[in-house]
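Written below as structure tokens is the structure these notes are about.
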Amino acid sequence: MYGLYVHIPFCLKKCFYCSFKTTVLFSGDSGQKSNKDEKVKEYLKAVKKELGKYRGEVLGSIYIGGGTPTILSSFQLENLFKFFSNNFLFKKKIEITVEANPGTLNKQKLKSLKEGGVNRLSIGLQSLDDRLLKRIGRIHTGKQFLDNFYLAREIGFDNINVDLIFALPGQKMSDWEKTLKKIINIKPEHISLYSLSIEQGTRMYADLKSGRIKPCNEDIEADMYEYAIKILTENGYQHYEISNFAFPHKSSKHNQLYWENKQYLGVGAGAVSFLGGTRLTNVGDIDEYIRKVNTDKLCMVKEKLTGEKAIAEKIILGLRMRKGIKVDKQIEKKFTGPIEELILKGLLERNEKNIRLTYKGLLLANQVFIEFL
Ligand code: SF4
């Protein structure tokens with residue numbers, strides 16, 4: 001049984017902080033030739049061809065991510081879901097998630113998702129503050145998100161994740177508090193929050209270098225994370241992974257496969273699979289991906305994880321979970337030294353047979369992870 005990830009690498013506009021390989025689709029209104037229909041059609045055809053390799057497998061979860069999967073038309077989405085149900089076996093209670101962006105959703109699309117079997121929606125909001133949304137290059141407003149959220153509820157989605165980003169340039173603690181409080185009020189079942197990381201090659205990186213924007217102060221960033229943990233846990237969310245919070249029984253089954261080092265299939269440009277201890281990565285360039293699939297030459301970059309590297313990877317992924325990771329014989333043999341040292345520094349703690357990050361360790365997680373590399 002597998003979890004299946006399908007990558008849809010298209011967006012309506014590049015967000016200023018985004019370092020993902022995505023293609024911006026335009027409809028031709030500005031006089032440029034539209035790349036919307038042809039490119040997406042060719043890509044979906046290639047994705048289905050690649051999916052065909054796994055025909056007949058049993059799936060425990062499907063996650064359609066991007067990019068912006070909801071940039072696809074209702075017809076394209078329905079077609080994709082039909083392809084899944086005609087070609088794969090679904091485990092009872094399969095979790096099917098689609099990432100959605102406000103500004104690309106409407107009633108018809110939400111209905112198509114629901115009828116296609118999607119039972120978990122993950123909406124990329126980032127902030128409810130329109131000034132900040134504009135500053136980071138998002139295509140939507142806070143109100144558009146709220147309208148989409150209520151529409152999704154009306155159509156019957158009872159498992160919704162909201163993605164948020166904190167430590168945005170110019171974001172004050174009070175802005176973050178306001179966004180969190182408003183989100184808690186509408187009670188999504190799941191909230192993911194990430195601190196902004198400004199990567200080379202992004203517009204934000206250039207703005208930072210030229211002094212047009214200033215990064216958020218590190219102390220404020222830590223305060224924002226601590227505040228989020230406090231207010232979310234006080235309001236019934238379980239903090240089950242460094243960046244993820246959920247109501248009981250609403251944690252993401254698919255994402256847990258990654259953190260628990262289990263097998264998964266990844267299909268599409270740049271998608272990653274993890275099978276039998278080997279990580280396989282598809283070519284990231286969309287045109288090259290389509291060309292290679294069509295000529296049956298799609299070969300993935302393979303990396304067999306063995307020995308110390310495989311154990312370190314397992315520990316790092318496992319420590320992301322609040323329950324931590326069981327210290328088995330392999331971990332004991334290779335990493336007793338770093339584990340003891342991190343416990344002494346107050347960054348790790350033992351919890352029966354597991355080790356897990358302490359509260360201090362959560363704030364300094366990257367420093368902990370480096371010790372295992
Ligand atoms: S919507 Fe997501 S994937 Fe697309 S540009 Fe923005 S951050 Fe990147």
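Each chain of the structure tokens is named A, B, ... in the order shown, its residues numbered from 1; ligands are numbered from 1 in display order.
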
Original post:
Mind listing the residues within 7 Å of ligand 1, only C-alpha atoms and all ligand atoms counted, as a VMD selection string?
Top reply: chain A and resid 10 to 11 13 to 15 17 to 20 22 66 to 68 101 138

Subject >> All residues 8 Å or closer to Val293 of chain A, only C-alpha atoms, same chain fewer than 5 positions away omitted, as a PyMOL selection string >> reply: chain A and resi 46+49-50+298

Original post:
Contacts of segment 120-133 of chain A at 8 Å or less, counting only C-alpha atoms, minus same-chain residues fewer than 6 places along, as a ChimeraX atom specification?
Top reply: /A:95-102,139-143,145,157-166,168,170-171,175-176,179

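If you count only C-alpha atoms and ignore residues fewer than 6 places along the chain from Met300 of chain A, what sits within 12 Å of it is Glu50, Gly266, Val267, Gly268, Ala269, Gly270, Ala271, Val272, Ser273, Phe274, Thr278, Arg279, Leu280, Thr281, Asn282, Val283, Gly284, Tyr289, Lys292 and Val293 of chain A.
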
File of the preceding selection, all heavy atoms, as a short mmCIF file (atom, residue, chain, number, x, y, z; two decimals), in the first residue's frame:
data_model
loop_
_atom_site.label_atom_id
_atom_site.label_comp_id
_atom_site.auth_asym_id
_atom_site.auth_seq_id
_atom_site.Cartn_x
_atom_site.Cartn_y
_atom_site.Cartn_z
N GLU A 50 2.64 8.46 -16.62
CA GLU A 50 3.53 8.02 -15.54
C GLU A 50 2.74 7.25 -14.47
O GLU A 50 3.21 6.21 -13.98
CB GLU A 50 4.25 9.21 -14.89
CG GLU A 50 5.40 8.73 -13.99
CD GLU A 50 5.99 9.79 -13.08
OE1 GLU A 50 5.65 10.97 -13.17
OE2 GLU A 50 6.82 9.37 -12.23
N GLY A 266 5.72 9.38 -5.87
CA GLY A 266 5.57 10.77 -6.30
C GLY A 266 5.53 10.80 -7.82
O GLY A 266 6.39 10.21 -8.47
N VAL A 267 4.53 11.46 -8.36
CA VAL A 267 4.37 11.50 -9.82
C VAL A 267 4.29 12.96 -10.28
O VAL A 267 3.65 13.78 -9.63
CB VAL A 267 3.10 10.71 -10.23
CG1 VAL A 267 2.75 10.94 -11.69
CG2 VAL A 267 3.30 9.22 -9.96
N GLY A 268 4.95 13.24 -11.40
CA GLY A 268 4.93 14.60 -11.95
C GLY A 268 6.33 15.19 -11.94
O GLY A 268 7.27 14.59 -11.41
N ALA A 269 6.47 16.39 -12.52
CA ALA A 269 7.79 17.04 -12.62
C ALA A 269 8.34 17.32 -11.23
O ALA A 269 7.65 17.90 -10.39
CB ALA A 269 7.65 18.34 -13.40
N GLY A 270 9.57 16.86 -11.00
CA GLY A 270 10.24 17.13 -9.72
C GLY A 270 9.73 16.30 -8.56
O GLY A 270 10.21 16.45 -7.43
N ALA A 271 8.75 15.42 -8.79
CA ALA A 271 8.17 14.65 -7.67
C ALA A 271 9.17 13.61 -7.15
O ALA A 271 10.00 13.10 -7.89
CB ALA A 271 6.88 13.98 -8.10
N VAL A 272 9.06 13.34 -5.87
CA VAL A 272 9.98 12.42 -5.21
C VAL A 272 9.22 11.18 -4.72
O VAL A 272 8.13 11.30 -4.17
CB VAL A 272 10.66 13.11 -4.00
CG1 VAL A 272 11.57 12.16 -3.25
CG2 VAL A 272 11.43 14.34 -4.45
N SER A 273 9.80 10.00 -4.94
CA SER A 273 9.24 8.76 -4.39
C SER A 273 10.25 8.21 -3.39
O SER A 273 11.46 8.46 -3.51
CB SER A 273 9.05 7.70 -5.47
OG SER A 273 8.23 8.17 -6.50
N PHE A 274 9.76 7.45 -2.44
CA PHE A 274 10.66 6.76 -1.51
C PHE A 274 10.22 5.31 -1.45
O PHE A 274 9.15 5.00 -0.94
CB PHE A 274 10.60 7.43 -0.13
CG PHE A 274 11.58 6.87 0.86
CD1 PHE A 274 12.95 6.97 0.64
CD2 PHE A 274 11.14 6.22 2.01
CE1 PHE A 274 13.85 6.45 1.55
CE2 PHE A 274 12.04 5.70 2.93
CZ PHE A 274 13.41 5.82 2.70
N THR A 278 15.13 3.69 -1.11
CA THR A 278 15.74 4.49 -2.18
C THR A 278 14.86 5.70 -2.47
O THR A 278 13.65 5.57 -2.60
CB THR A 278 15.91 3.66 -3.47
OG1 THR A 278 16.75 2.55 -3.16
CG2 THR A 278 16.55 4.47 -4.60
N ARG A 279 15.52 6.86 -2.57
CA ARG A 279 14.78 8.08 -2.93
C ARG A 279 14.93 8.30 -4.43
O ARG A 279 16.03 8.28 -4.96
CB ARG A 279 15.35 9.26 -2.16
CG ARG A 279 14.48 10.47 -2.30
CD ARG A 279 14.74 11.58 -1.33
NE ARG A 279 16.13 11.65 -0.94
CZ ARG A 279 16.52 11.89 0.31
NH1 ARG A 279 15.66 12.03 1.27
NH2 ARG A 279 17.80 11.97 0.60
N LEU A 280 13.80 8.44 -5.11
CA LEU A 280 13.82 8.62 -6.56
C LEU A 280 13.23 9.98 -6.90
O LEU A 280 12.13 10.29 -6.47
CB LEU A 280 12.99 7.52 -7.24
CG LEU A 280 13.40 6.09 -6.88
CD1 LEU A 280 12.26 5.36 -6.24
CD2 LEU A 280 13.90 5.38 -8.10
N THR A 281 13.97 10.77 -7.67
CA THR A 281 13.49 12.12 -7.96
C THR A 281 13.32 12.31 -9.46
O THR A 281 14.25 12.08 -10.24
CB THR A 281 14.51 13.16 -7.43
OG1 THR A 281 14.80 12.85 -6.07
CG2 THR A 281 13.96 14.57 -7.51
N ASN A 282 12.13 12.74 -9.85
CA ASN A 282 11.86 13.03 -11.27
C ASN A 282 12.52 14.33 -11.70
O ASN A 282 12.72 15.22 -10.88
CB ASN A 282 10.35 13.22 -11.48
CG ASN A 282 9.64 11.91 -11.70
OD1 ASN A 282 10.26 10.87 -11.87
ND2 ASN A 282 8.32 11.95 -11.70
N VAL A 283 12.76 14.47 -12.98
CA VAL A 283 13.31 15.70 -13.51
C VAL A 283 12.33 16.84 -13.22
O VAL A 283 11.11 16.66 -13.31
CB VAL A 283 13.61 15.54 -15.03
CG1 VAL A 283 12.40 15.07 -15.80
CG2 VAL A 283 14.13 16.81 -15.63
N GLY A 284 12.88 18.01 -12.83
CA GLY A 284 12.02 19.10 -12.37
C GLY A 284 11.48 19.99 -13.49
O GLY A 284 10.43 20.59 -13.34
N TYR A 289 10.27 16.98 -18.52
CA TYR A 289 9.48 15.89 -17.93
C TYR A 289 8.49 15.35 -18.98
O TYR A 289 8.42 14.14 -19.21
CB TYR A 289 8.73 16.41 -16.70
CG TYR A 289 7.66 15.45 -16.20
CD1 TYR A 289 8.01 14.33 -15.45
CD2 TYR A 289 6.31 15.65 -16.50
CE1 TYR A 289 7.04 13.43 -15.01
CE2 TYR A 289 5.34 14.77 -16.07
CZ TYR A 289 5.70 13.66 -15.33
OH TYR A 289 4.75 12.77 -14.90
N LYS A 292 10.34 13.47 -21.73
CA LYS A 292 10.89 12.17 -21.29
C LYS A 292 9.79 11.14 -21.09
O LYS A 292 9.96 9.98 -21.46
CB LYS A 292 11.71 12.34 -20.01
CG LYS A 292 12.97 13.12 -20.29
CD LYS A 292 14.06 12.77 -19.33
CE LYS A 292 15.40 13.13 -19.94
NZ LYS A 292 16.47 13.28 -19.03
N VAL A 293 8.67 11.55 -20.52
CA VAL A 293 7.58 10.58 -20.32
C VAL A 293 7.08 10.12 -21.69
O VAL A 293 6.87 8.93 -21.92
CB VAL A 293 6.41 11.20 -19.51
CG1 VAL A 293 5.22 10.25 -19.46
CG2 VAL A 293 6.85 11.53 -18.10
#

**OP:** Determine which residues of segment 4-200 of chain A DSSP labels as alpha helix (DSSP H) from the backbone of this structure, then write them out as a ChimeraX atom specification.
**Re:** /A:36-51,74-87,107-115,130-135,142-155,173-186

Subject >> For atom CA of Asn244 of chain A and atom CA of Ser192 of chain A, the interatomic separation in Å (one decimal) >> reply: 4.5 Å

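Rounded to one decimal, atom CA of Glu260 of chain A and atom CA of Ile355 of chain A lie 14.2 Å from each other.
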
**OP:** Would you return as a ChimeraX atom specification the members of segment 149-373 of chain A that DSSP assigns to strand (DSSP E) on this structure's backbone?
**Re:** /A:160-166,190-195,238-241,244-246,264-267,272-275,278-281,301-304,325-326,348-351,354-357

Residues as selected, C-alpha atoms, written as a tab-separated table (two decimals), in the first residue's frame, can you do that?
chain	number	residue	atom	x	y	z
A	160	ILE	CA	-9.69	21.70	6.10
A	161	ASN	CA	-6.08	22.73	6.62
A	162	VAL	CA	-4.98	26.36	6.54
A	163	ASP	CA	-1.35	27.18	5.72
A	164	LEU	CA	0.15	30.23	7.40
A	165	ILE	CA	3.55	31.93	7.23
A	166	PHE	CA	5.04	34.05	9.98
A	190	HIS	CA	-5.74	21.58	10.82
A	191	ILE	CA	-3.27	24.46	10.77
A	192	SER	CA	0.26	24.40	9.31
A	193	LEU	CA	2.60	27.26	10.05
A	194	TYR	CA	6.05	27.99	8.74
A	195	SER	CA	8.48	30.80	9.39
A	238	GLN	CA	-2.71	19.11	19.14
A	239	HIS	CA	0.82	20.10	18.24
A	240	TYR	CA	1.81	16.88	16.50
A	241	GLU	CA	4.67	18.01	14.28
A	244	ASN	CA	1.57	21.22	12.23
A	245	PHE	CA	-1.42	21.41	14.55
A	246	ALA	CA	-4.66	19.45	14.34
A	264	TYR	CA	5.36	6.76	-1.01
A	265	LEU	CA	5.03	7.36	-4.72
A	266	GLY	CA	5.57	10.77	-6.30
A	267	VAL	CA	4.37	11.50	-9.82
A	272	VAL	CA	9.98	12.42	-5.21
A	273	SER	CA	9.24	8.76	-4.39
A	274	PHE	CA	10.66	6.76	-1.51
A	275	LEU	CA	10.63	3.06	-2.19
A	278	THR	CA	15.74	4.49	-2.18
A	279	ARG	CA	14.78	8.08	-2.93
A	280	LEU	CA	13.82	8.62	-6.56
A	281	THR	CA	13.49	12.12	-7.96
A	301	VAL	CA	17.68	10.25	-10.01
A	302	LYS	CA	18.16	7.40	-7.56
A	303	GLU	CA	19.73	7.73	-4.17
A	304	LYS	CA	19.99	4.60	-2.05
A	325	ILE	CA	11.22	8.56	17.64
A	326	LYS	CA	11.92	5.21	19.25
A	348	LEU	CA	16.22	16.53	23.57
A	349	GLU	CA	14.37	14.56	26.22
A	350	ARG	CA	13.66	10.90	26.79
A	351	ASN	CA	10.06	9.85	26.91
A	354	ASN	CA	11.41	7.60	22.59
A	355	ILE	CA	13.54	10.68	22.27
A	356	ARG	CA	11.88	13.94	21.32
A	357	LEU	CA	12.61	17.63	21.06

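Counting only C-alpha atoms and comparing A:Lys334, A:Leu257, A:Asp287, A:Phe149, the residue that lies closest to Lys39 of chain A is A:Asp287.
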
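Counting only C-alpha atoms, the residue from A:Thr295, A:Ser197, A:Asn119, A:Thr306 that sits nearest to Lys250 of chain A is A:Asn119.
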
**OP:** Have a look at A:Thr70, A:Asn87, A:Thr23, A:Gln200 and name the one nearest to Tyr54 of chain A; count only C-alpha atoms.
**Re:** A:Asn87

Original post:
Which neighbours of Ser85 of chain A fall inside 12 Å, counting only C-alpha atoms, when residues of the same chain fewer than 3 positions from it are skipped, and could you give them as a PyMOL selection string?
Top reply: chain A and resi 55-59+62+78-82+88-91+94+96+116-118

Could you save those same residues with C-alpha atoms as a PDB file, in the first residue's frame?
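That gives us again-v9.pdb:
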ATOM      1  CA  ARG A  55      -1.755   0.754 -12.103  1.00  0.00           C
ATOM      2  CA  GLY A  56      -3.488  -1.668  -9.711  1.00  0.00           C
ATOM      3  CA  GLU A  57      -1.639  -0.533  -6.573  1.00  0.00           C
ATOM      4  CA  VAL A  58      -3.559  -0.046  -3.327  1.00  0.00           C
ATOM      5  CA  LEU A  59      -3.521   3.569  -2.148  1.00  0.00           C
ATOM      6  CA  ILE A  62      -3.556  10.718  -2.336  1.00  0.00           C
ATOM      7  CA  GLU A  78     -12.875  15.463 -12.450  1.00  0.00           C
ATOM      8  CA  ASN A  79     -10.944  13.677 -15.146  1.00  0.00           C
ATOM      9  CA  LEU A  80      -7.961  13.162 -12.858  1.00  0.00           C
ATOM     10  CA  PHE A  81     -10.133  11.701 -10.091  1.00  0.00           C
ATOM     11  CA  LYS A  82     -11.800   9.357 -12.558  1.00  0.00           C
ATOM     12  CA  PHE A  88      -6.052   2.161  -8.461  1.00  0.00           C
ATOM     13  CA  LEU A  89      -7.563   0.365  -5.511  1.00  0.00           C
ATOM     14  CA  PHE A  90      -8.450   2.580  -2.581  1.00  0.00           C
ATOM     15  CA  LYS A  91      -8.002   1.569   1.023  1.00  0.00           C
ATOM     16  CA  ILE A  94      -8.472   6.753   2.091  1.00  0.00           C
ATOM     17  CA  ILE A  96      -7.516  12.485  -0.466  1.00  0.00           C
ATOM     18  CA  GLY A 116     -14.273  13.418  -7.026  1.00  0.00           C
ATOM     19  CA  GLY A 117     -13.735  12.024  -3.515  1.00  0.00           C
ATOM     20  CA  VAL A 118     -11.531  14.755  -2.041  1.00  0.00           C
TER      21      VAL A 118
END

Original post:
What separation in Å, quoted to one decimal, exists between atom CA of Gln108 of chain A and atom CA of Glu38 of chain A?
Top reply: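 Calculated distance between atom CA of Gln108 of chain A and atom CA of Glu38 of chain A is 22.2 Å.
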
If you count only C-alpha atoms, which residues fall within 9 Å of segment 201-206 of chain A, apart from same-chain ones fewer than 2 positions away, as an mmCIF file with all heavy atoms, in the first residue's frame?
data_model
loop_
_atom_site.group_PDB
_atom_site.id
_atom_site.type_symbol
_atom_site.label_atom_id
_atom_site.label_comp_id
_atom_site.auth_asym_id
_atom_site.auth_seq_id
_atom_site.Cartn_x
_atom_site.Cartn_y
_atom_site.Cartn_z
ATOM 1 N N CYS A 15 4.705 33.971 -6.320
ATOM 2 C CA CYS A 15 4.779 34.694 -5.048
ATOM 3 C C CYS A 15 6.229 35.137 -4.830
ATOM 4 O O CYS A 15 7.160 34.436 -5.231
ATOM 5 C CB CYS A 15 4.315 33.812 -3.892
ATOM 6 S SG CYS A 15 2.644 33.195 -4.117
ATOM 7 N N PHE A 16 6.419 36.264 -4.167
ATOM 8 C CA PHE A 16 7.764 36.849 -4.090
ATOM 9 C C PHE A 16 8.753 35.994 -3.293
ATOM 10 O O PHE A 16 9.953 36.140 -3.423
ATOM 11 C CB PHE A 16 7.699 38.251 -3.463
ATOM 12 C CG PHE A 16 6.832 39.215 -4.239
ATOM 13 C CD1 PHE A 16 6.321 40.353 -3.628
ATOM 14 C CD2 PHE A 16 6.531 38.992 -5.578
ATOM 15 C CE1 PHE A 16 5.515 41.235 -4.338
ATOM 16 C CE2 PHE A 16 5.720 39.866 -6.303
ATOM 17 C CZ PHE A 16 5.207 40.985 -5.668
ATOM 18 N N TYR A 17 8.245 35.112 -2.435
ATOM 19 C CA TYR A 17 9.134 34.306 -1.583
ATOM 20 C C TYR A 17 9.318 32.891 -2.136
ATOM 21 O O TYR A 17 10.046 32.090 -1.568
ATOM 22 C CB TYR A 17 8.537 34.203 -0.161
ATOM 23 C CG TYR A 17 7.154 33.595 -0.162
ATOM 24 C CD1 TYR A 17 6.976 32.231 -0.039
ATOM 25 C CD2 TYR A 17 6.027 34.384 -0.337
ATOM 26 C CE1 TYR A 17 5.701 31.671 -0.075
ATOM 27 C CE2 TYR A 17 4.762 33.841 -0.376
ATOM 28 C CZ TYR A 17 4.605 32.489 -0.246
ATOM 29 O OH TYR A 17 3.358 31.937 -0.297
ATOM 30 N N CYS A 18 8.668 32.597 -3.255
ATOM 31 C CA CYS A 18 8.593 31.201 -3.686
ATOM 32 C C CYS A 18 9.844 30.742 -4.432
ATOM 33 O O CYS A 18 10.266 31.361 -5.408
ATOM 34 C CB CYS A 18 7.370 31.001 -4.572
ATOM 35 S SG CYS A 18 7.237 29.294 -5.131
ATOM 36 N N SER A 19 10.405 29.625 -3.974
ATOM 37 C CA SER A 19 11.608 29.097 -4.629
ATOM 38 C C SER A 19 11.292 27.792 -5.372
ATOM 39 O O SER A 19 12.190 27.112 -5.838
ATOM 40 C CB SER A 19 12.704 28.858 -3.588
ATOM 41 O OG SER A 19 12.243 27.931 -2.634
ATOM 42 N N ILE A 136 3.912 40.105 -0.078
ATOM 43 C CA ILE A 136 4.588 38.846 -0.420
ATOM 44 C C ILE A 136 4.129 38.293 -1.782
ATOM 45 O O ILE A 136 4.498 37.197 -2.172
ATOM 46 C CB ILE A 136 4.424 37.772 0.693
ATOM 47 C CG1 ILE A 136 2.950 37.409 0.915
ATOM 48 C CG2 ILE A 136 5.075 38.243 1.978
ATOM 49 C CD1 ILE A 136 2.744 36.262 1.904
ATOM 50 N N ILE A 198 13.868 33.061 3.323
ATOM 51 C CA ILE A 198 14.075 33.803 2.071
ATOM 52 C C ILE A 198 15.208 33.148 1.284
ATOM 53 O O ILE A 198 16.365 33.216 1.666
ATOM 54 C CB ILE A 198 14.364 35.295 2.348
ATOM 55 C CG1 ILE A 198 13.216 35.885 3.186
ATOM 56 C CG2 ILE A 198 14.532 36.073 1.047
ATOM 57 C CD1 ILE A 198 13.342 37.359 3.527
ATOM 58 N N GLU A 199 14.838 32.467 0.212
ATOM 59 C CA GLU A 199 15.812 31.671 -0.551
ATOM 60 C C GLU A 199 16.388 32.475 -1.714
ATOM 61 O O GLU A 199 15.701 33.295 -2.324
ATOM 62 C CB GLU A 199 15.136 30.426 -1.139
ATOM 63 C CG GLU A 199 14.353 29.580 -0.168
ATOM 64 C CD GLU A 199 15.220 28.754 0.754
ATOM 65 O OE1 GLU A 199 16.385 28.517 0.392
ATOM 66 O OE2 GLU A 199 14.735 28.369 1.830
ATOM 67 N N LEU A 208 15.797 41.875 -0.433
ATOM 68 C CA LEU A 208 16.540 41.867 0.824
ATOM 69 C C LEU A 208 17.967 42.381 0.592
ATOM 70 O O LEU A 208 18.477 43.221 1.324
ATOM 71 C CB LEU A 208 16.580 40.427 1.355
ATOM 72 C CG LEU A 208 17.135 40.190 2.728
ATOM 73 C CD1 LEU A 208 16.173 40.747 3.766
ATOM 74 C CD2 LEU A 208 17.314 38.690 2.984
ATOM 75 N N LYS A 209 18.580 41.881 -0.487
ATOM 76 C CA LYS A 209 19.959 42.261 -0.793
ATOM 77 C C LYS A 209 20.067 43.750 -1.113
ATOM 78 O O LYS A 209 21.049 44.391 -0.790
ATOM 79 C CB LYS A 209 20.480 41.442 -1.996
ATOM 80 C CG LYS A 209 20.768 40.001 -1.656
ATOM 81 C CD LYS A 209 22.078 39.867 -0.903
ATOM 82 C CE LYS A 209 21.967 38.781 0.142
ATOM 83 N NZ LYS A 209 22.954 38.696 1.138
ATOM 84 N N SER A 210 19.021 44.264 -1.781
ATOM 85 C CA SER A 210 19.094 45.677 -2.179
ATOM 86 C C SER A 210 18.611 46.598 -1.055
ATOM 87 O O SER A 210 18.597 47.812 -1.217
ATOM 88 C CB SER A 210 18.256 45.904 -3.430
ATOM 89 O OG SER A 210 16.895 45.709 -3.097
ATOM 90 N N GLY A 211 18.197 46.001 0.053
ATOM 91 C CA GLY A 211 17.779 46.805 1.209
ATOM 92 C C GLY A 211 16.336 47.292 1.124
ATOM 93 O O GLY A 211 15.904 48.095 1.939
ATOM 94 N N ARG A 212 15.588 46.839 0.092
ATOM 95 C CA ARG A 212 14.192 47.289 -0.019
ATOM 96 C C ARG A 212 13.317 46.708 1.088
ATOM 97 O O ARG A 212 12.327 47.286 1.466
ATOM 98 C CB ARG A 212 13.616 46.901 -1.398
ATOM 99 C CG ARG A 212 13.983 47.897 -2.503
ATOM 100 C CD ARG A 212 13.139 47.666 -3.751
ATOM 101 N NE ARG A 212 13.438 46.393 -4.375
ATOM 102 C CZ ARG A 212 14.397 46.200 -5.261
ATOM 103 N NH1 ARG A 212 15.164 47.211 -5.624
ATOM 104 N NH2 ARG A 212 14.631 45.018 -5.792
ATOM 105 N N ILE A 213 13.707 45.513 1.581
ATOM 106 C CA ILE A 213 12.968 44.953 2.717
ATOM 107 C C ILE A 213 13.946 44.529 3.805
ATOM 108 O O ILE A 213 15.127 44.283 3.515
ATOM 109 C CB ILE A 213 12.097 43.730 2.307
ATOM 110 C CG1 ILE A 213 12.960 42.648 1.649
ATOM 111 C CG2 ILE A 213 10.937 44.119 1.445
ATOM 112 C CD1 ILE A 213 12.267 41.309 1.541
#

Subject >> Nearest residue to Val368 of chain A from the set A:Val24, A:Leu146, A:Ile331, A:Leu317 (distances using only C-alpha atoms) >> reply: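 Ranking A:Val24, A:Leu146, A:Ile331, A:Leu317 by distance to Val368 of chain A, first place goes to A:Leu317.
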
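Checking A:Ala228, A:Ala167, A:Leu105, A:Ile286 one by one against Gln144 of chain A, counting only C-alpha atoms, you find the shortest gap at A:Leu105.
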